[in-house]
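The block underneath contains the structure these notes are about, expressed in structure tokens.
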Amino acid sequence: MNNWLAAETYAYTGTLSASQWAWEFLRRNPEYGDDYAWFTRNWNILEQAYGKPPHRDFPAWKADPRASRINALGESLLIECWMGEKWGFYKFPLDPARPAPIPATELLWREPSQEAVLLSDDNIGTYLDSEPRVAFGFDLSLPMKAQVETTQRMLLFLQRQRAKSNPAFLRTVRTLHPHWTLCLRALDAASQDASCEEVGRVLTAEGNDVSPDSLLAEARSLMESGYRSILRIPDK
């Protein structure tokens, strides 16, 4: 990974899309690195045994137990499909050493899920505690289409009003880029055995107002699973 002490080595992040930012966090995940190393070893063994396209003996390949792995649902998947399902992409698994892969060509993410939240007396306070969130009520005894369309118009209106009063309200790749870069540096610092105190001194000396402990906790969350939420954030 990058030398976290040299801010200029992260200059390439200035042109990254949401898809590429998600990859920057995933490729720093040690578990993904272990899975990729395991995958590569097995893939090379299978190619030595059954050949490469167009001369691969695919029926024999599929019949080899090393070509499949069981997923969380107990289903047997080919190892490349198992990797994609576990980590959220469709394309052939990428080497974590590969920076800024080409979206769609080299990197194609599965659609990130966005579940609606059913509010109750127990969780409505916690849910609305977050400033960007609002709640609407629906009458299940009436047709949903008109209610949903009205709600959508109201949500767009509220979003525009808040963005007008606070330009930083809407999260985009462009506005989050500086903070995400600090998150990458925190992850790289940790992988290079730098202490939180050292990270704090370096980043503060550069004019960044951050808590190194909080920054690292957020960075690890993005690395472990939060990278998928980045895919929902617009580039501009």
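A note on labels: chains of the structure tokens are A, B, ... as shown, every chain counts residues from 1, and ligands are counted from 1 in their shown order.
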
Next on the checklist: List the spatial neighbours of stretch 41-47 of chain A as a list in words - criterion: any atom at most 8 Å away, only C-alpha atoms, same-chain residues fewer than 5 positions off excluded.
Outcome noted: Lys52, Arg56, Trp61, Arg66 and Ala67 of chain A

Convert the current residue selection to file output with C-alpha atoms, as an mmCIF file, in the first residue's frame.
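Result file part.cif:
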```cif
data_model
loop_
_atom_site.group_PDB
_atom_site.id
_atom_site.type_symbol
_atom_site.label_atom_id
_atom_site.label_comp_id
_atom_site.auth_asym_id
_atom_site.auth_seq_id
_atom_site.Cartn_x
_atom_site.Cartn_y
_atom_site.Cartn_z
ATOM 1 C CA LYS A 52 -6.736 -22.550 -20.127
ATOM 2 C CA ARG A 56 -9.823 -26.003 -20.945
ATOM 3 C CA TRP A 61 -12.715 -28.619 -13.976
ATOM 4 C CA ARG A 66 -11.141 -27.561 -5.590
ATOM 5 C CA ALA A 67 -13.151 -25.627 -8.195
#
```

Next on the checklist: Give me the residues near A:Cys196 as number ranges by chain, where near means some atom within 7 Å (using only C-alpha atoms) and where sequence neighbours in that chain fewer than 2 positions away do not count.
Outcome noted: A: 194, 198-200, 212-213

Emit the selected residues as a tab-separated table (two decimals), in the first residue's frame, including C-alpha atoms.
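Below is the file that was written, out.tsv:
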```
chain	number	residue	atom	x	y	z
A	194	ALA	CA	2.16	3.25	13.05
A	198	GLU	CA	1.84	9.19	15.39
A	199	VAL	CA	-1.02	9.33	12.88
A	200	GLY	CA	-2.62	12.13	14.89
A	212	PRO	CA	-7.04	9.36	14.88
A	213	ASP	CA	-8.98	6.75	16.88
```

Checklist entry - Can you list, as number ranges by chain, every protein, DNA or RNA residue that comes within 10 Å of A:Phe92 when you count only C-alpha atoms, leaving out same-chain residues fewer than 6 positions away? => result A: 80-81, 83-84, 106-108

Write the selection just made, keeping N, CA and C atoms, as a PDB file, in the first residue's frame?
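Dumped to again-v7.pdb:
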```
ATOM      1  N   GLU A  80     -14.694 -18.585  -8.384  1.00  0.00           N
ATOM      2  CA  GLU A  80     -14.744 -17.197  -8.822  1.00  0.00           C
ATOM      3  C   GLU A  80     -16.096 -16.560  -8.499  1.00  0.00           C
ATOM      4  N   CYS A  81     -17.170 -17.367  -8.567  1.00  0.00           N
ATOM      5  CA  CYS A  81     -18.511 -16.881  -8.197  1.00  0.00           C
ATOM      6  C   CYS A  81     -18.623 -16.715  -6.685  1.00  0.00           C
ATOM      7  N   MET A  83     -16.177 -15.876  -4.674  1.00  0.00           N
ATOM      8  CA  MET A  83     -15.482 -14.627  -4.362  1.00  0.00           C
ATOM      9  C   MET A  83     -16.370 -13.424  -4.660  1.00  0.00           C
ATOM     10  N   GLY A  84     -17.009 -13.452  -5.834  1.00  0.00           N
ATOM     11  CA  GLY A  84     -17.851 -12.329  -6.225  1.00  0.00           C
ATOM     12  C   GLY A  84     -19.040 -12.143  -5.305  1.00  0.00           C
ATOM     13  N   GLU A 106     -13.027  -3.786 -15.745  1.00  0.00           N
ATOM     14  CA  GLU A 106     -12.308  -4.659 -14.814  1.00  0.00           C
ATOM     15  C   GLU A 106     -13.072  -4.879 -13.512  1.00  0.00           C
ATOM     16  N   LEU A 107     -13.933  -3.934 -13.176  1.00  0.00           N
ATOM     17  CA  LEU A 107     -14.606  -3.973 -11.876  1.00  0.00           C
ATOM     18  C   LEU A 107     -16.080  -3.678 -12.072  1.00  0.00           C
ATOM     19  N   LEU A 108     -16.911  -4.653 -11.757  1.00  0.00           N
ATOM     20  CA  LEU A 108     -18.358  -4.483 -11.884  1.00  0.00           C
ATOM     21  C   LEU A 108     -19.003  -4.943 -10.583  1.00  0.00           C
TER      22      LEU A 108
END
```

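Ranking A:Asp95, A:Asp64, A:Glu85, A:Glu8 by their shortest atom-to-atom distance to A:Trp38, with only C-alpha atoms included, puts A:Asp95 first.
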
Item to check | Shell around stretch 224-232 of chain A at 6 Å using only C-alpha atoms, local window under 6 positions removed, as a VMD selection string | outcome: chain A and resid 18 to 19 22

Can you write out the residues you just picked, keeping N, CA and C atoms, as an mmCIF file, in the first residue's frame?
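Printed below is again.cif as written:
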```
data_model
loop_
_atom_site.group_PDB
_atom_site.id
_atom_site.type_symbol
_atom_site.label_atom_id
_atom_site.label_comp_id
_atom_site.auth_asym_id
_atom_site.auth_seq_id
_atom_site.Cartn_x
_atom_site.Cartn_y
_atom_site.Cartn_z
ATOM 1 N N ALA A 18 -16.976 6.559 -7.551
ATOM 2 C CA ALA A 18 -17.478 5.838 -6.377
ATOM 3 C C ALA A 18 -17.094 4.367 -6.442
ATOM 4 N N SER A 19 -17.195 3.780 -7.631
ATOM 5 C CA SER A 19 -16.834 2.378 -7.818
ATOM 6 C C SER A 19 -15.375 2.131 -7.443
ATOM 7 N N ALA A 22 -14.771 2.426 -3.627
ATOM 8 C CA ALA A 22 -15.169 1.200 -2.935
ATOM 9 C C ALA A 22 -14.052 0.170 -3.007
#
```

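Secondary structure by DSSP on the backbone puts the following residues of stretch 13-223 of chain A in strand (DSSP E): Ser68, Arg69, Ile70, Ser76, Leu77 and Leu78 of chain A.
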
N, CA and C atoms of the current selection, written as a PDB file, in the first residue's frame:
```
ATOM      1  N   SER A  68     -14.840 -25.493  -6.431  1.00  0.00           N
ATOM      2  CA  SER A  68     -16.068 -24.974  -5.807  1.00  0.00           C
ATOM      3  C   SER A  68     -15.841 -24.685  -4.330  1.00  0.00           C
ATOM      4  N   ARG A  69     -16.746 -23.872  -3.802  1.00  0.00           N
ATOM      5  CA  ARG A  69     -16.700 -23.577  -2.368  1.00  0.00           C
ATOM      6  C   ARG A  69     -18.121 -23.317  -1.895  1.00  0.00           C
ATOM      7  N   ILE A  70     -18.398 -23.663  -0.653  1.00  0.00           N
ATOM      8  CA  ILE A  70     -19.745 -23.514  -0.098  1.00  0.00           C
ATOM      9  C   ILE A  70     -19.926 -22.090   0.437  1.00  0.00           C
ATOM     10  N   SER A  76     -23.160 -24.680  -3.234  1.00  0.00           N
ATOM     11  CA  SER A  76     -21.845 -24.880  -3.828  1.00  0.00           C
ATOM     12  C   SER A  76     -21.696 -23.970  -5.039  1.00  0.00           C
ATOM     13  N   LEU A  77     -20.681 -23.101  -5.012  1.00  0.00           N
ATOM     14  CA  LEU A  77     -20.432 -22.160  -6.102  1.00  0.00           C
ATOM     15  C   LEU A  77     -19.023 -22.354  -6.640  1.00  0.00           C
ATOM     16  N   LEU A  78     -18.839 -22.091  -7.939  1.00  0.00           N
ATOM     17  CA  LEU A  78     -17.490 -22.042  -8.471  1.00  0.00           C
ATOM     18  C   LEU A  78     -16.716 -20.973  -7.715  1.00  0.00           C
TER      19      LEU A  78
END
```

Close residues, A:Arg27 itself excluded, 12 Å, only C-alpha atoms, min 2 positions apart in chain, as a PDB file with N, CA and C atoms, in the first residue's frame:
```pdb
ATOM      1  N   MET A   1       0.827  -1.181   0.000  1.00  0.00           N
ATOM      2  CA  MET A   1       0.000   0.000   0.000  1.00  0.00           C
ATOM      3  C   MET A   1       0.880   1.256   0.000  1.00  0.00           C
ATOM      4  N   GLN A  20     -14.503   3.022  -7.859  1.00  0.00           N
ATOM      5  CA  GLN A  20     -13.077   2.862  -7.570  1.00  0.00           C
ATOM      6  C   GLN A  20     -12.761   3.137  -6.105  1.00  0.00           C
ATOM      7  N   TRP A  21     -13.482   4.071  -5.487  1.00  0.00           N
ATOM      8  CA  TRP A  21     -13.293   4.310  -4.057  1.00  0.00           C
ATOM      9  C   TRP A  21     -13.672   3.070  -3.247  1.00  0.00           C
ATOM     10  N   ALA A  22     -14.771   2.426  -3.627  1.00  0.00           N
ATOM     11  CA  ALA A  22     -15.169   1.200  -2.935  1.00  0.00           C
ATOM     12  C   ALA A  22     -14.052   0.170  -3.007  1.00  0.00           C
ATOM     13  N   TRP A  23     -13.427   0.063  -4.170  1.00  0.00           N
ATOM     14  CA  TRP A  23     -12.332  -0.885  -4.349  1.00  0.00           C
ATOM     15  C   TRP A  23     -11.123  -0.503  -3.487  1.00  0.00           C
ATOM     16  N   GLU A  24     -10.827   0.797  -3.370  1.00  0.00           N
ATOM     17  CA  GLU A  24      -9.679   1.226  -2.573  1.00  0.00           C
ATOM     18  C   GLU A  24      -9.800   0.735  -1.130  1.00  0.00           C
ATOM     19  N   PHE A  25     -11.020   0.747  -0.608  1.00  0.00           N
ATOM     20  CA  PHE A  25     -11.207   0.255   0.767  1.00  0.00           C
ATOM     21  C   PHE A  25     -11.182  -1.269   0.808  1.00  0.00           C
ATOM     22  N   ASN A  29      -8.496  -4.728   2.761  1.00  0.00           N
ATOM     23  CA  ASN A  29      -9.053  -5.659   3.741  1.00  0.00           C
ATOM     24  C   ASN A  29      -8.188  -6.926   3.793  1.00  0.00           C
ATOM     25  N   PRO A  30      -7.566  -7.222   4.931  1.00  0.00           N
ATOM     26  CA  PRO A  30      -6.700  -8.412   5.014  1.00  0.00           C
ATOM     27  C   PRO A  30      -7.438  -9.705   4.684  1.00  0.00           C
ATOM     28  N   GLU A  31      -8.731  -9.783   5.048  1.00  0.00           N
ATOM     29  CA  GLU A  31      -9.490 -11.003   4.752  1.00  0.00           C
ATOM     30  C   GLU A  31      -9.660 -11.177   3.241  1.00  0.00           C
ATOM     31  N   TYR A  32      -9.915 -10.066   2.540  1.00  0.00           N
ATOM     32  CA  TYR A  32      -9.993 -10.165   1.081  1.00  0.00           C
ATOM     33  C   TYR A  32      -8.641 -10.614   0.519  1.00  0.00           C
ATOM     34  N   GLY A  33      -7.567 -10.064   1.062  1.00  0.00           N
ATOM     35  CA  GLY A  33      -6.241 -10.469   0.605  1.00  0.00           C
ATOM     36  C   GLY A  33      -5.997 -11.953   0.810  1.00  0.00           C
ATOM     37  N   ASP A  34      -6.429 -12.492   1.950  1.00  0.00           N
ATOM     38  CA  ASP A  34      -6.273 -13.926   2.212  1.00  0.00           C
ATOM     39  C   ASP A  34      -7.121 -14.747   1.236  1.00  0.00           C
ATOM     40  N   ASP A  35      -8.367 -14.299   1.014  1.00  0.00           N
ATOM     41  CA  ASP A  35      -9.247 -15.010   0.084  1.00  0.00           C
ATOM     42  C   ASP A  35      -8.672 -14.988  -1.326  1.00  0.00           C
ATOM     43  N   TYR A  36      -8.109 -13.851  -1.729  1.00  0.00           N
ATOM     44  CA  TYR A  36      -7.557 -13.747  -3.078  1.00  0.00           C
ATOM     45  C   TYR A  36      -6.337 -14.671  -3.229  1.00  0.00           C
ATOM     46  N   TRP A  87     -17.826 -10.803  -1.750  1.00  0.00           N
ATOM     47  CA  TRP A  87     -17.279  -9.449  -1.676  1.00  0.00           C
ATOM     48  C   TRP A  87     -18.062  -8.431  -2.497  1.00  0.00           C
ATOM     49  N   PRO A  93     -12.112 -11.961  -9.891  1.00  0.00           N
ATOM     50  CA  PRO A  93     -11.476 -11.349  -8.714  1.00  0.00           C
ATOM     51  C   PRO A  93     -10.204 -10.589  -9.063  1.00  0.00           C
ATOM     52  N   LEU A  94     -10.088  -9.401  -8.502  1.00  0.00           N
ATOM     53  CA  LEU A  94      -8.938  -8.541  -8.769  1.00  0.00           C
ATOM     54  C   LEU A  94      -7.865  -8.676  -7.699  1.00  0.00           C
ATOM     55  N   ASP A  95      -6.630  -8.555  -8.139  1.00  0.00           N
ATOM     56  CA  ASP A  95      -5.490  -8.550  -7.230  1.00  0.00           C
ATOM     57  C   ASP A  95      -5.573  -7.294  -6.355  1.00  0.00           C
ATOM     58  N   PRO A  96      -5.502  -7.429  -5.023  1.00  0.00           N
ATOM     59  CA  PRO A  96      -5.573  -6.251  -4.156  1.00  0.00           C
ATOM     60  C   PRO A  96      -4.442  -5.257  -4.383  1.00  0.00           C
ATOM     61  N   ALA A  97      -3.394  -5.666  -5.089  1.00  0.00           N
ATOM     62  CA  ALA A  97      -2.308  -4.735  -5.400  1.00  0.00           C
ATOM     63  C   ALA A  97      -2.672  -3.805  -6.550  1.00  0.00           C
ATOM     64  N   ARG A  98      -3.812  -4.068  -7.200  1.00  0.00           N
ATOM     65  CA  ARG A  98      -4.208  -3.290  -8.375  1.00  0.00           C
ATOM     66  C   ARG A  98      -4.947  -2.025  -7.964  1.00  0.00           C
ATOM     67  N   PRO A  99      -4.348  -0.833  -8.186  1.00  0.00           N
ATOM     68  CA  PRO A  99      -5.056   0.405  -7.850  1.00  0.00           C
ATOM     69  C   PRO A  99      -5.926   0.878  -9.009  1.00  0.00           C
ATOM     70  N   ALA A 100      -6.990   1.577  -8.695  1.00  0.00           N
ATOM     71  CA  ALA A 100      -7.845   2.258  -9.674  1.00  0.00           C
ATOM     72  C   ALA A 100      -8.209   1.414 -10.894  1.00  0.00           C
ATOM     73  N   PRO A 101      -8.839   0.245 -10.711  1.00  0.00           N
ATOM     74  CA  PRO A 101      -9.260  -0.546 -11.876  1.00  0.00           C
ATOM     75  C   PRO A 101     -10.346   0.180 -12.663  1.00  0.00           C
ATOM     76  N   LEU A 184      -7.948   6.288   4.116  1.00  0.00           N
ATOM     77  CA  LEU A 184      -6.986   5.379   3.479  1.00  0.00           C
ATOM     78  C   LEU A 184      -5.623   5.491   4.148  1.00  0.00           C
ATOM     79  N   LEU A 187      -5.647   3.603   7.402  1.00  0.00           N
ATOM     80  CA  LEU A 187      -5.540   2.152   7.200  1.00  0.00           C
ATOM     81  C   LEU A 187      -4.114   1.752   6.835  1.00  0.00           C
ATOM     82  N   ASP A 188      -3.491   2.523   5.951  1.00  0.00           N
ATOM     83  CA  ASP A 188      -2.126   2.204   5.537  1.00  0.00           C
ATOM     84  C   ASP A 188      -1.157   2.390   6.698  1.00  0.00           C
ATOM     85  N   ARG A 220     -11.886   1.414   9.136  1.00  0.00           N
ATOM     86  CA  ARG A 220     -12.030  -0.042   9.215  1.00  0.00           C
ATOM     87  C   ARG A 220     -13.455  -0.473   8.887  1.00  0.00           C
ATOM     88  N   LEU A 222     -15.446   1.050   6.777  1.00  0.00           N
ATOM     89  CA  LEU A 222     -15.545   1.142   5.313  1.00  0.00           C
ATOM     90  C   LEU A 222     -14.810  -0.019   4.651  1.00  0.00           C
ATOM     91  N   MET A 223     -13.713  -0.428   5.216  1.00  0.00           N
ATOM     92  CA  MET A 223     -12.919  -1.516   4.655  1.00  0.00           C
ATOM     93  C   MET A 223     -13.627  -2.859   4.781  1.00  0.00           C
ATOM     94  N   GLU A 224     -14.309  -3.078   5.886  1.00  0.00           N
ATOM     95  CA  GLU A 224     -14.896  -4.383   6.167  1.00  0.00           C
ATOM     96  C   GLU A 224     -16.216  -4.612   5.433  1.00  0.00           C
ATOM     97  N   SER A 225     -17.079  -3.628   5.401  1.00  0.00           N
ATOM     98  CA  SER A 225     -18.359  -3.801   4.699  1.00  0.00           C
ATOM     99  C   SER A 225     -18.925  -2.485   4.180  1.00  0.00           C
ATOM    100  N   TYR A 227     -17.730  -0.271   2.379  1.00  0.00           N
ATOM    101  CA  TYR A 227     -17.385   0.108   1.002  1.00  0.00           C
ATOM    102  C   TYR A 227     -18.569  -0.055   0.062  1.00  0.00           C
TER     103      TYR A 227
END
```

Item to check | Filtered DSSP result for stretch 55-174 of chain A, state helix (DSSP H, G or I), as JSON, numbers by chain | outcome: {"A": [58, 59, 60, 61, 62, 63, 65, 66, 67, 79, 80, 81, 82, 83, 84, 85, 86, 87, 124, 125, 126, 127, 144, 145, 146, 147, 148, 149, 150, 151, 152, 153, 154, 155, 156, 157, 158, 159, 160, 161, 162, 163, 164, 165, 173, 174]}

Next on the checklist: Just want the 12 Å neighbourhood of A:Arg133, counted on only C-alpha atoms, with same-chain residues fewer than 2 positions away dropped. Output as a PyMOL selection string.
Outcome noted: chain A and resi 117+124-131+135-136+155+158-159+162+169
